[in-house]
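Participant: Okay, so here is final-v7.csv, and as you'll see once you scroll down, it has CSV, C-alpha atoms.
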```csv
chain,number,residue,atom,x,y,z
A,289,MET,CA,-38.6,41.9,-60.7
A,290,SER,CA,-39.8,43.5,-57.5
A,291,SER,CA,-43.0,44.6,-59.3
A,292,LEU,CA,-43.8,41.0,-60.2
A,293,PHE,CA,-43.8,39.9,-56.5
A,294,ALA,CA,-45.5,43.0,-55.0
A,295,PRO,CA,-49.1,41.7,-55.6
A,296,ALA,CA,-48.2,38.3,-54.0
A,297,LEU,CA,-46.7,39.9,-51.0
A,298,ALA,CA,-49.6,42.3,-50.5
A,299,GLY,CA,-52.0,39.4,-50.8
A,300,ALA,CA,-50.1,37.4,-48.2
A,301,ALA,CA,-50.1,40.4,-45.8
A,302,LEU,CA,-53.9,40.8,-46.1
A,303,PHE,CA,-54.4,37.1,-45.5
A,304,ALA,CA,-52.3,37.2,-42.3
A,305,ALA,CA,-54.1,40.3,-41.1
A,306,ALA,CA,-57.4,38.6,-41.6
A,307,MET,CA,-56.4,35.5,-39.7
A,308,LEU,CA,-55.1,37.4,-36.6
A,309,PRO,CA,-58.4,37.8,-34.7
A,310,VAL,CA,-59.6,34.3,-35.3
A,311,ALA,CA,-57.2,32.5,-32.9
A,312,PRO,CA,-58.0,34.5,-29.7
A,313,ALA,CA,-61.7,34.4,-30.4
A,314,MET,CA,-61.6,30.6,-30.8
A,315,ALA,CA,-59.5,30.3,-27.7
A,316,GLN,CA,-61.9,32.5,-25.7
A,317,ASP,CA,-64.9,30.5,-26.9
A,318,ALA,CA,-63.2,27.2,-26.0
A,319,ALA,CA,-62.2,28.4,-22.6
A,320,GLY,CA,-65.7,29.7,-21.9
A,321,GLY,CA,-67.2,26.4,-23.1
A,322,ARG,CA,-65.1,24.4,-20.6
A,323,GLN,CA,-66.5,26.3,-17.6
A,324,PRO,CA,-68.4,23.5,-15.6
A,325,PRO,CA,-71.7,24.2,-13.9
A,326,ARG,CA,-71.2,24.7,-10.2
A,327,ILE,CA,-72.8,24.8,-6.8
A,328,SER,CA,-71.3,27.2,-4.2
A,329,VAL,CA,-72.1,27.0,-0.5
A,330,VAL,CA,-70.9,28.4,2.8
A,331,GLY,CA,-70.5,26.0,5.7
A,332,GLU,CA,-70.4,26.9,9.4
A,333,GLY,CA,-68.7,25.0,12.2
A,334,GLU,CA,-68.5,25.5,16.0
A,335,ALA,CA,-66.6,23.8,18.8
A,336,SER,CA,-66.5,24.5,22.5
A,337,VAL,CA,-63.7,24.1,25.0
A,338,VAL,CA,-63.1,24.7,28.7
A,339,PRO,CA,-60.6,27.5,29.2
A,340,ASP,CA,-57.5,26.9,31.2
A,341,ILE,CA,-56.0,30.4,31.7
A,342,ALA,CA,-57.4,33.6,33.2
A,343,VAL,CA,-56.1,36.8,31.8
A,344,VAL,CA,-56.6,39.6,34.3
A,345,THR,CA,-55.9,43.4,34.1
A,346,LEU,CA,-54.9,45.0,37.4
A,347,SER,CA,-54.2,48.7,37.9
A,348,VAL,CA,-52.8,50.8,40.7
A,349,LEU,CA,-53.9,54.5,40.9
A,350,ARG,CA,-52.2,57.0,43.2
A,351,GLU,CA,-52.6,60.7,43.5
A,352,ALA,CA,-50.3,63.4,45.0
A,353,ALA,CA,-49.5,67.1,44.8
A,354,THR,CA,-46.6,66.5,42.4
A,355,ALA,CA,-46.0,64.1,39.6
A,356,ARG,CA,-42.9,62.7,41.3
A,357,GLU,CA,-44.8,62.1,44.6
A,358,ALA,CA,-47.6,60.3,42.7
A,359,LEU,CA,-45.1,58.2,40.8
A,360,ASN,CA,-43.2,57.2,43.9
A,361,ALA,CA,-46.4,56.2,45.7
A,362,ASN,CA,-47.6,54.3,42.7
A,363,SER,CA,-44.3,52.5,42.3
A,364,THR,CA,-44.2,51.4,45.9
A,365,ALA,CA,-47.7,49.9,45.7
A,366,MET,CA,-47.1,48.3,42.3
A,367,LYS,CA,-43.9,46.7,43.6
A,368,GLU,CA,-45.8,45.0,46.4
A,369,VAL,CA,-48.4,43.8,43.9
A,370,LEU,CA,-45.8,42.3,41.6
A,371,ASP,CA,-44.0,40.7,44.5
A,372,ALA,CA,-47.3,39.1,45.7
A,373,LEU,CA,-48.0,37.8,42.1
A,374,LYS,CA,-44.6,36.2,41.9
A,375,ALA,CA,-44.9,34.7,45.4
A,376,ALA,CA,-48.2,33.2,44.3
A,377,GLY,CA,-46.4,31.3,41.6
A,378,ILE,CA,-47.0,33.6,38.6
A,379,ALA,CA,-44.0,33.4,36.2
A,380,GLU,CA,-42.4,36.6,35.1
A,381,ARG,CA,-43.3,35.8,31.5
A,382,ASP,CA,-47.0,35.9,32.5
A,383,ILE,CA,-46.8,39.4,34.0
A,384,GLN,CA,-46.6,42.4,31.6
A,385,THR,CA,-47.0,46.1,32.1
A,386,SER,CA,-49.7,47.1,29.6
A,387,ARG,CA,-50.1,50.9,30.5
A,388,LEU,CA,-48.4,53.6,32.5
A,389,ASP,CA,-50.3,56.9,32.6
A,390,ILE,CA,-49.4,60.2,34.3
A,391,GLN,CA,-52.2,62.9,34.2
A,392,PRO,CA,-52.6,66.3,35.9
A,393,ARG,CA,-55.7,66.9,38.0
A,394,TYR,CA,-57.4,70.3,37.6
A,395,ALA,CA,-59.5,72.3,40.0
A,396,GLN,CA,-63.1,72.8,38.9
A,397,PRO,CA,-63.7,76.6,38.5
A,398,ALA,CA,-66.8,78.1,40.1
A,399,ARG,CA,-69.6,78.7,37.6
A,400,ASP,CA,-69.9,82.4,38.6
A,401,LYS,CA,-66.1,82.9,38.4
A,402,PRO,CA,-64.7,81.6,35.1
A,403,GLN,CA,-61.0,81.2,35.2
A,404,GLU,CA,-58.2,79.2,33.5
A,405,PRO,CA,-57.9,75.6,34.6
A,406,LYS,CA,-55.4,75.2,37.5
A,407,ILE,CA,-53.4,72.1,38.2
A,408,VAL,CA,-54.0,70.9,41.8
A,409,GLY,CA,-52.2,67.6,41.7
A,410,TYR,CA,-51.3,64.5,39.6
A,411,ALA,CA,-52.5,61.0,39.2
A,412,VAL,CA,-50.4,58.0,38.1
A,413,SER,CA,-51.9,54.8,36.9
A,414,ASN,CA,-49.9,51.6,36.3
A,415,GLU,CA,-51.6,48.6,34.7
A,416,VAL,CA,-50.4,45.1,34.4
A,417,THR,CA,-51.8,42.2,32.4
A,418,VAL,CA,-51.5,38.8,34.3
A,419,ARG,CA,-52.0,35.3,33.0
A,420,ILE,CA,-53.1,33.0,35.8
A,421,ARG,CA,-52.6,29.4,34.7
A,422,LYS,CA,-54.2,27.8,37.8
A,423,LEU,CA,-57.8,28.8,37.6
A,424,ALA,CA,-58.6,27.5,41.0
A,425,GLU,CA,-56.3,30.1,42.5
A,426,ALA,CA,-57.4,33.1,40.5
A,427,GLY,CA,-59.9,34.4,43.0
A,428,ALA,CA,-57.5,34.3,45.9
A,429,ILE,CA,-54.8,36.0,43.9
A,430,ILE,CA,-57.1,38.9,42.9
A,431,ASP,CA,-58.3,39.3,46.5
A,432,LYS,CA,-54.7,39.4,47.7
A,433,VAL,CA,-53.5,42.1,45.3
A,434,VAL,CA,-56.5,44.3,45.9
A,435,GLY,CA,-55.5,44.3,49.5
A,436,LEU,CA,-52.1,45.5,48.5
A,437,GLY,CA,-53.2,48.5,46.6
A,438,VAL,CA,-54.9,47.5,43.3
A,439,ASN,CA,-57.8,49.9,43.0
A,440,GLN,CA,-58.6,49.9,39.2
A,441,GLY,CA,-59.0,47.4,36.4
A,442,GLY,CA,-60.4,44.0,37.1
A,443,GLY,CA,-61.1,43.0,33.5
A,444,ILE,CA,-60.9,39.3,33.1
A,445,THR,CA,-60.9,36.9,30.1
A,446,PHE,CA,-60.8,33.1,30.1
A,447,VAL,CA,-58.9,31.5,27.3
A,448,LYS,CA,-57.6,28.2,26.1
A,449,GLU,CA,-53.8,28.1,25.6
A,450,ASP,CA,-53.8,25.4,22.9
A,451,LEU,CA,-56.6,25.8,20.4
A,452,LYS,CA,-55.4,23.5,17.7
A,453,ALA,CA,-57.7,20.6,18.5
A,454,THR,CA,-60.7,22.9,19.0
A,455,LEU,CA,-60.2,24.8,15.7
A,456,THR,CA,-59.6,21.5,13.9
A,457,GLU,CA,-63.0,20.2,15.1
A,458,ALA,CA,-64.7,23.5,14.1
A,459,ARG,CA,-63.2,23.3,10.6
A,460,LYS,CA,-64.3,19.7,10.2
A,461,ARG,CA,-67.9,20.6,11.2
A,462,ALA,CA,-67.8,23.6,8.8
A,463,VAL,CA,-66.9,21.3,5.9
A,464,ALA,CA,-69.5,18.7,6.9
A,465,ASP,CA,-72.1,21.5,7.0
A,466,ALA,CA,-71.1,22.8,3.6
A,467,MET,CA,-71.4,19.3,2.1
A,468,ASP,CA,-74.8,18.7,3.7
A,469,LYS,CA,-76.0,22.0,2.2
A,470,ALA,CA,-74.6,21.2,-1.2
A,471,ARG,CA,-76.4,17.7,-1.2
A,472,THR,CA,-79.7,19.4,-0.3
A,473,LEU,CA,-79.4,21.9,-3.1
A,474,ALA,CA,-78.4,19.3,-5.7
A,475,GLU,CA,-81.3,17.1,-4.7
A,476,ALA,CA,-83.7,20.0,-4.9
A,477,ALA,CA,-82.4,20.9,-8.3
A,478,GLY,CA,-82.5,17.3,-9.6
A,479,VAL,CA,-78.7,17.2,-10.3
A,480,LYS,CA,-75.8,15.2,-8.9
A,481,LEU,CA,-72.8,16.6,-7.1
A,482,GLY,CA,-69.4,16.3,-8.8
A,483,PRO,CA,-66.0,16.7,-7.3
A,484,ILE,CA,-65.0,19.6,-5.0
A,485,LEU,CA,-63.3,22.4,-7.1
A,486,SER,CA,-62.2,24.6,-4.2
A,487,ILE,CA,-62.4,25.1,-0.4
A,488,GLU,CA,-61.6,28.4,1.3
A,489,GLU,CA,-61.7,29.2,5.0
A,490,ASN,CA,-63.0,32.6,6.1
A,491,ALA,CA,-60.1,35.0,6.4
A,492,ALA,CA,-61.1,36.3,9.8
A,493,PRO,CA,-59.7,34.2,12.7
A,494,PRO,CA,-62.3,32.3,14.7
A,495,ARG,CA,-63.3,34.3,17.8
A,496,PRO,CA,-64.4,32.9,21.1
A,497,ILE,CA,-68.0,33.2,22.2
A,498,ALA,CA,-68.3,32.9,26.0
A,499,TYR,CA,-71.2,30.9,27.4
A,500,ALA,CA,-72.3,31.1,31.0
A,501,ALA,CA,-71.9,28.0,33.0
A,502,PRO,CA,-72.7,26.9,36.6
A,503,MET,CA,-69.9,28.0,38.9
A,504,ARG,CA,-67.6,25.2,40.0
A,505,LYS,CA,-67.0,24.5,43.6
A,506,ALA,CA,-64.5,27.1,44.8
A,507,ALA,CA,-61.4,26.5,46.9
A,508,ALA,CA,-61.7,27.3,50.6
A,509,ASP,CA,-59.4,30.3,50.3
A,510,MET,CA,-61.0,31.8,47.2
A,511,ALA,CA,-62.4,35.1,48.3
A,512,VAL,CA,-63.4,36.3,44.8
A,513,PRO,CA,-65.9,33.8,43.2
A,514,LEU,CA,-65.2,33.2,39.5
A,515,ALA,CA,-66.9,31.1,36.8
A,516,SER,CA,-64.8,30.2,33.7
A,517,GLY,CA,-67.6,28.5,31.8
A,518,GLU,CA,-66.8,27.5,28.2
A,519,ASN,CA,-65.6,29.3,25.1
A,520,SER,CA,-67.1,28.4,21.7
A,521,TYR,CA,-65.1,29.0,18.5
A,522,GLN,CA,-66.8,29.4,15.1
A,523,THR,CA,-65.4,29.3,11.6
A,524,GLN,CA,-66.7,29.4,8.0
A,525,VAL,CA,-65.7,27.7,4.8
A,526,SER,CA,-66.7,28.4,1.2
A,527,VAL,CA,-66.9,25.2,-0.9
A,528,VAL,CA,-67.5,25.0,-4.6
A,529,PHE,CA,-68.7,21.7,-6.2
A,530,GLU,CA,-68.9,20.8,-9.8
A,531,ILE,CA,-72.3,19.5,-11.0
A,532,ALA,CA,-71.9,16.1,-12.5
A,533,ARG,CA,-73.0,15.6,-16.1
```
With the file now loaded, output its structure as structure tokens.
Facilitator:
Amino acid sequence: MSSLFAPALAGAALFAAAMLPVAPAMAQDAAGGRQPPRISVVGEGEASVVPDIAVVTLSVLREAATAREALNANSTAMKEVLDALKAAGIAERDIQTSRLDIQPRYAQPARDKPQEPKIVGYAVSNEVTVRIRKLAEAGAIIDKVVGLGVNQGGGITFVKEDLKATLTEARKRAVADAMDKARTLAEAAGVKLGPILSIEENAAPPRPIAYAAPMRKAAADMAVPLASGENSYQTQVSVVFEIAR
């Protein structure tokens, strides 16, 4: 009896095997056929803002015959600097030690008498990063701490504490720029824009671009003139539009 059904079973197996590749191929063709024509553009947006914080790096360098003597001298000077910063109204959360460095000093050997480098002393450098929230007082504060022993550093950056509104405006301008570019491309190609399929912001965080600005009138006690100017933040968005049929 098994011999009677063998041809039928074999035929069914061959039929099933022949049908297997058909379904994926049909699905792939269907998926490919649904892909709508698109227009892809990159929009750029920029917004400027006046900074409200000065971030300053200040460093005290002291040298002595031994590492201990150099460290002690440095610590004494830095304590006076920190006390002056706090007396000027700088909160402790806005003062942070950013580097402490202890290095030997070597004697320079004579050219005609080569010899092994010899330690002749030590240098200790202590650096702090300070956020000054009252820009009008920044120059006077810097002048004060230099008089107390700060003899290195001086790097300064002006920033805006709350950038939410500025970045929101930059993003809006970037999207508007992308839409304007897409309309231009569609018009040139003789097609109509369809709905937006995707919007992606550039992964890199917007960076400030400093612009020079005329110096504002300084306070009477500001010994170090400073100009904060403006910072401009840029961002990019990639927008994909469907072409209307």
Participant: Which is closest to Val343 in chain A among A:Asn414, A:Gln440, A:Asn362, A:Ser516, if we use all atoms listed in the file?
Facilitator: A:Ser516
Participant: Mind listing whatever residues come within 10 Å of the point (-48.0, 39.3, 51.3)? Use all atoms listed in the file, file coordinates, and give them as a VMD selection string.
Facilitator: chain A and resid 368 to 369 371 to 373 375 to 376 432 to 433 435 to 436
Participant: Take CA of Arg326 in chain A and CA of Asp468 in chain A and report the distance between them in Å, one decimal.
Facilitator: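 CA of Arg326 in chain A sits 15.6 Å away from CA of Asp468 in chain A.
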Participant: Please provide the set of residues having any atom within 8 Å of Ala365 in chain A, restricted to only C-alpha atoms, with same-chain residues fewer than 6 positions apart removed, written as a list in words.
Facilitator: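 Contacts, with the query itself left out: Val348, Leu436, Gly437 and Val438 of chain A.
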Participant: Just give me the gap between CA of Arg471 in chain A and CA of Glu334 in chain A in Å, one decimal is fine.
Facilitator: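 About the pair CA of Arg471 in chain A and CA of Glu334 in chain A: they are 20.5 Å apart.
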Participant: What does the structure give for the distance between CA of Phe446 in chain A and CA of Asp340 in chain A, in Å to one decimal?
Facilitator: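 Atom-to-atom, CA of Phe446 in chain A and CA of Asp340 in chain A are spaced 7.1 Å apart.
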Participant: Contacts between range 524-531 of chain A and range 308-377 of chain A, please, where a residue of range 308-377 of chain A counts if it comes within 10 Å (with only C-alpha atoms); show its shortest atom pair and distance in Å to one decimal, rows by chain and ascending number, as CSV.
Facilitator:
```
residue,atom,partner,partner_atom,distance
A:Gln323,CA,A:Glu530,CA,9.8
A:Pro324,CA,A:Glu530,CA,6.4
A:Pro325,CA,A:Ile531,CA,5.6
A:Arg326,CA,A:Glu530,CA,4.5
A:Ile327,CA,A:Phe529,CA,5.2
A:Ser328,CA,A:Val528,CA,4.4
A:Val329,CA,A:Val527,CA,5.5
A:Val330,CA,A:Ser526,CA,4.5
A:Gly331,CA,A:Val525,CA,5.2
A:Glu332,CA,A:Gln524,CA,4.7
A:Gly333,CA,A:Gln524,CA,6.4
A:Glu334,CA,A:Gln524,CA,9.1
```
